[in-house]
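**Student:** This is the structure, below, for whatever I ask next.
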Amino acid sequence: MFDSITLGQYYQTDSVLHRLDPRVKLVGTFAYLISLFVVDSLPGYLLAALFLAVMIKLSNVPFRYIVRGMKTILFLLIITVCFNLFLTPGEVIWEFWIFKMTREGLNFAIKMAIRLSLLILGSSIMTLTTTPTQLTDALESLMRPLKKVRVPVHEIAMMMSIALRFIPILMEETDKIMKAQIARGADFESRNLIKKIKSMVPLLVPLFISAFRRANDLAMAMEARCYRGGEGRTKMKPLVYSSKDRVAYLILLLFFAACIAMRILF
Amino acid sequence: MIKISKLIHDYIKRDDEGNAAGTVRAIDGVDLQVEPGMFIAVLGHNGSGKSTLAKHLNALLFPTEGEVWVDGLDTREEKNLWEIRREAGMVFQNPDNQIIAQVVEEDVGFGPENIGVPTQEIWKRVEESLKAVGMYEYRKKSPNRLSGGQKQRVSIAGVIAMEPKCIIMDEPTAMLDPNGRKEVIKAAMKLNREKGITVILITHYMEEAINADKIFVMDKGKLAMQGTPKEIFSQVEKMKELNLDVPEVTLLAHELRKGGLDIPADILTKEELADALLGKAQSDPAGGSNGDQS
């Protein structure tokens with residue numbers, strides 16, 4: 001039942017974006033998200049959309065594949081649009097029963113829809129071109145200044161990557177326990193909500209026990225391999241900025257400046 | 001390489017509230033010595049204390065009484081801890097619970113990263129270790145896509161990337177299928193023969209112990225027997241007393257001897273048995289034909 005699961009949504013291919021330092025991509029995505037709220041006019045959105053189109057082209061990920069990921073949040077998008085459309089007070093332009101569509105609402109809903117779509121497409125470009133491991137590395141590196149205020153940055157990154165490693169293992173285990181319980185007559189198919197929740201108990205208890213046992217084993221194995229936190233550790237794949245990363249930062253800066261200019265001009 | 005003297009280890013037994021309710025003696029006065037470059041097998045049935053013993057060699061557990069010395073370092077000294085763990089690597093039973101990274105090569109690099117090896121050197125060591133266990137072509141794969149035997153070989157590579165003098169394997173084949181078992185034992189033998197790394201293999205598969213230089217047999221926390229495979233397995237009756245099997249061929253030879261056939265008591269492999277029987281038949285053709293008729 002869990003055969004189809006792929007972790008994250010990394011799309012394996014070779015492109016400029018794939019080869020970019022993950023820190024650039026992380027910072028870039030954040031900058032893009034902020035810029036979507038900076039620009040507030042049609043030309044501004046056009047600029048943002050154009051920028052995204054170029055990124056999609058550069059990523060070498062088929063457009064179809066990216067859009068397929070949008071399907072899951074289509075529902076969310078529709079609800080947001082409807083709420084904005086009918087619940088914004090203002091000049092009524094269309095009325096049906098208790099629903100009143102206003103000019104302001106229409107305006108707002110269109111903006112919201114554009115913003116949300118660009119936002120989701122923009123962040124999926126990052127997850128499509130960056131492996132989870134690279135992402136954790138980037139996070140660890142970018143959050144390093146927080147170490148000064150005693151945030152355990154290395155430990156957080158280590159926990160994230162271990163969690164990622166164990167998700168498929170625990171999934172497989174859930175599947176196994178489920179089959180074992182079904183073989184003894186457990187009912188996981190029931191449509192009754194209360195029954196459904198009750199049937200989760202014999203699944204979750206063994207799963208938790210096994211997860212704790214695994215955690216214990218793993219901690220021992222890590223200690224046996226001389227793991228003692230982030231101190232004095234070297235990196236097999238250190239993150240190093242290259243010239244193309246600097247160019248990417250420059251482009252980001254230009255884009256961001258353009259967005260601010262748009263905001264002032266229009 | 002390893003010297004253990006009068007080792008005693010007590011586990012504290014706890015009741016439901018977590019109060020100490022007594023102790024269980026897991027290891028009870030063990031003395032043993034391992035020379036560098038040897039292939040050692042430790043046998044014993046469940047609860048005989050063999051895993052507890054293994055964890056002492058890597059300073060994961062500490063003696064209640066007695067001493068454990070690894071390459072001249074006392075495990076009771078706090079400052080020796082990391083040096084000992086680097087020199088005596090450990091491979092555990094469940095391959096899934098000891099692989100940390102999501103890519104094979106990154107997992108092998110984990111140990112060297114921890115001890116602060118420079119980046120260039122890590123890559124060199126990762127390549128060498130993966131080649132030594134025959135897993136180099138899988139270096140970019142996710143560990144989840146490997147078979148049990150392959151995962152266990154990755155674990156071994158992860159240990160040798162730290163360049164230890166000794167590898168302790170705590171039932172590394174217990175969760176594997178027969179093919180995986182063969183792969184892992186072959187890799188361990190190769191490391192021992194070619195790189196001169198001392199291997200201590202804890203197992204309850206007798207077949208894996210045949211090629212060892214020396215065997216230690218544990219029973220109820222005590223060292224019950226020690227000697228070469230031939231010395232140990234020729235004592236079929238005593239092994240049975242300890243609830244241990246001997247290799248099937250040895251058992252067959254033992255039964256044949258009991259039946260009156262005059263063959264050596266220390267037969268371990270099919271080839272040896274075949275040679276012994278053939279030798280018997282040629283030197284004593286009358287006896288052989290008598291056997292056929294009866």
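Residues in the structure tokens are numbered from 1 in each chain, the chains being A, B, ... in the order shown, and ligands are numbered from 1 in the order shown.
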Output as a PyMOL selection string the set of chain A residues within 7 Å of chain B, with distances taken over only C-alpha atoms.

**Tutor:** chain A and resi 162+165+214+217-218+221+224-227+232-236

**Student:** Could you write out, as a ChimeraX atom specification, all the residues of region 108-210 of chain B that DSSP marks as strand (DSSP E)?

**Tutor:** /B:166-170,198-202

**Student:** For the residues in the current selection, export C-alpha atoms as a PDB file, in the first residue's frame.

**Tutor:**
```pdb
ATOM      1  CA  CYS B 166      39.626  -4.542  15.182  1.00  0.00           C
ATOM      2  CA  ILE B 167      36.010  -5.123  14.150  1.00  0.00           C
ATOM      3  CA  ILE B 168      33.493  -6.617  16.538  1.00  0.00           C
ATOM      4  CA  MET B 169      30.457  -8.107  14.861  1.00  0.00           C
ATOM      5  CA  ASP B 170      27.511  -8.777  17.119  1.00  0.00           C
ATOM      6  CA  THR B 198      41.283  -8.439  13.850  1.00  0.00           C
ATOM      7  CA  VAL B 199      37.724  -9.740  13.549  1.00  0.00           C
ATOM      8  CA  ILE B 200      35.630 -10.866  16.486  1.00  0.00           C
ATOM      9  CA  LEU B 201      32.518 -12.536  15.163  1.00  0.00           C
ATOM     10  CA  ILE B 202      29.711 -13.267  17.574  1.00  0.00           C
TER      11      ILE B 202
END
```

**Student:** Given the choices B:Leu261, B:Leu256, B:Leu268, B:Ala209, which gets closest to Lys230 (chain B) if the distance is worked out from only C-alpha atoms?

**Tutor:**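 Nearest candidate to Lys230 (chain B) out of B:Leu261, B:Leu256, B:Leu268, B:Ala209: B:Leu268.
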
**Student:** I need the residues of region 10-73 of chain A that end up classed as helix (DSSP H, G or I) by DSSP on the backbone, written out as a PyMOL selection string.

**Tutor:** chain A and resi 16-19+22-38+42-59+63-73

**Student:** Selected residues, C-alpha atoms, written as a compact mmCIF listing (two decimals), in the first residue's frame, please.

**Tutor:**
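Now in result.txt:
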```
# COMPACT_ATOMS: atom_id res chain seq x y z
CA VAL A 16 21.49 24.76 -13.49
CA LEU A 17 18.99 24.88 -10.64
CA HIS A 18 19.82 21.35 -9.52
CA ARG A 19 23.50 22.22 -9.34
CA PRO A 22 20.91 24.63 -1.72
CA ARG A 23 21.40 27.73 0.43
CA VAL A 24 20.87 29.95 -2.60
CA LYS A 25 17.68 28.10 -3.44
CA LEU A 26 16.38 28.34 0.11
CA VAL A 27 17.12 32.07 0.39
CA GLY A 28 15.81 32.57 -3.14
CA THR A 29 12.51 30.88 -2.36
CA PHE A 30 12.02 33.01 0.71
CA ALA A 31 12.87 36.16 -1.23
CA TYR A 32 10.38 35.14 -3.93
CA LEU A 33 7.61 34.52 -1.38
CA ILE A 34 8.19 37.93 0.18
CA SER A 35 8.31 39.62 -3.21
CA LEU A 36 4.85 38.21 -4.02
CA PHE A 37 3.50 40.29 -1.17
CA VAL A 38 5.61 43.30 -2.04
CA LEU A 42 -0.84 43.60 -12.43
CA PRO A 43 2.56 44.51 -13.93
CA GLY A 44 4.16 43.34 -10.68
CA TYR A 45 2.45 39.95 -10.91
CA LEU A 46 3.48 39.71 -14.53
CA LEU A 47 7.09 40.26 -13.50
CA ALA A 48 6.83 37.60 -10.81
CA ALA A 49 5.19 35.16 -13.20
CA LEU A 50 7.84 35.80 -15.81
CA PHE A 51 10.60 35.21 -13.29
CA LEU A 52 8.96 31.93 -12.28
CA ALA A 53 8.55 30.87 -15.92
CA VAL A 54 12.27 31.38 -16.51
CA MET A 55 13.07 29.36 -13.37
CA ILE A 56 10.80 26.52 -14.48
CA LYS A 57 12.50 26.53 -17.86
CA LEU A 58 15.92 26.46 -16.19
CA SER A 59 14.94 23.62 -13.83
CA PHE A 63 5.80 21.67 -16.59
CA ARG A 64 3.18 18.91 -16.48
CA TYR A 65 4.96 17.30 -13.54
CA ILE A 66 4.97 20.58 -11.60
CA VAL A 67 1.30 21.26 -12.24
CA ARG A 68 0.38 17.74 -11.13
CA GLY A 69 1.68 18.68 -7.68
CA MET A 70 -0.73 21.65 -7.71
CA LYS A 71 -3.79 19.41 -7.90
CA THR A 72 -3.70 18.56 -4.21
CA ILE A 73 -4.05 22.19 -3.18
```

**Student:** Pick out the residues sitting within 7 Å of region 65-73 of chain B, and hand them over as a list in words; count only C-alpha atoms, and ignore anything fewer than 4 positions along from it in its own chain.

**Tutor:** Met1, Ile2, Lys3, Ile4, Ser5, Lys6, Leu7, Ile8, His9, Leu57, Asn80 and Ile84 of chain B

**Student:** Applying 12 Å and only C-alpha atoms, which residues near Pro89 (chain A) remain after dropping the ones on its own chain fewer than 2 positions away? List them as a PyMOL selection string.

**Tutor:** chain A and resi 83-87+91-93+99-108

**Student:** Using only C-alpha atoms for the distances, tell me which of A:Met262, A:Leu239, A:Glu231, A:Ile98 is nearest to Lys147 (chain A).

**Tutor:** A:Glu231

**Student:** Could you tell me how far CA of Val201 (chain A) lies from CA of Met159 (chain A), in Å and to one decimal?

**Tutor:**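 Separation between CA of Val201 (chain A) and CA of Met159 (chain A): 26.1 Å.
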
**Student:** So how many Å separate CA of Gly44 (chain B) and CA of Thr203 (chain B), to one decimal?

**Tutor:** 7.6 Å

**Student:** At what distance in Å, to one decimal, does CA of Lys111 (chain A) lie from CA of Met126 (chain A)?

**Tutor:**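 Going from CA of Met126 (chain A) over to CA of Lys111 (chain A), I get 23.0 Å.
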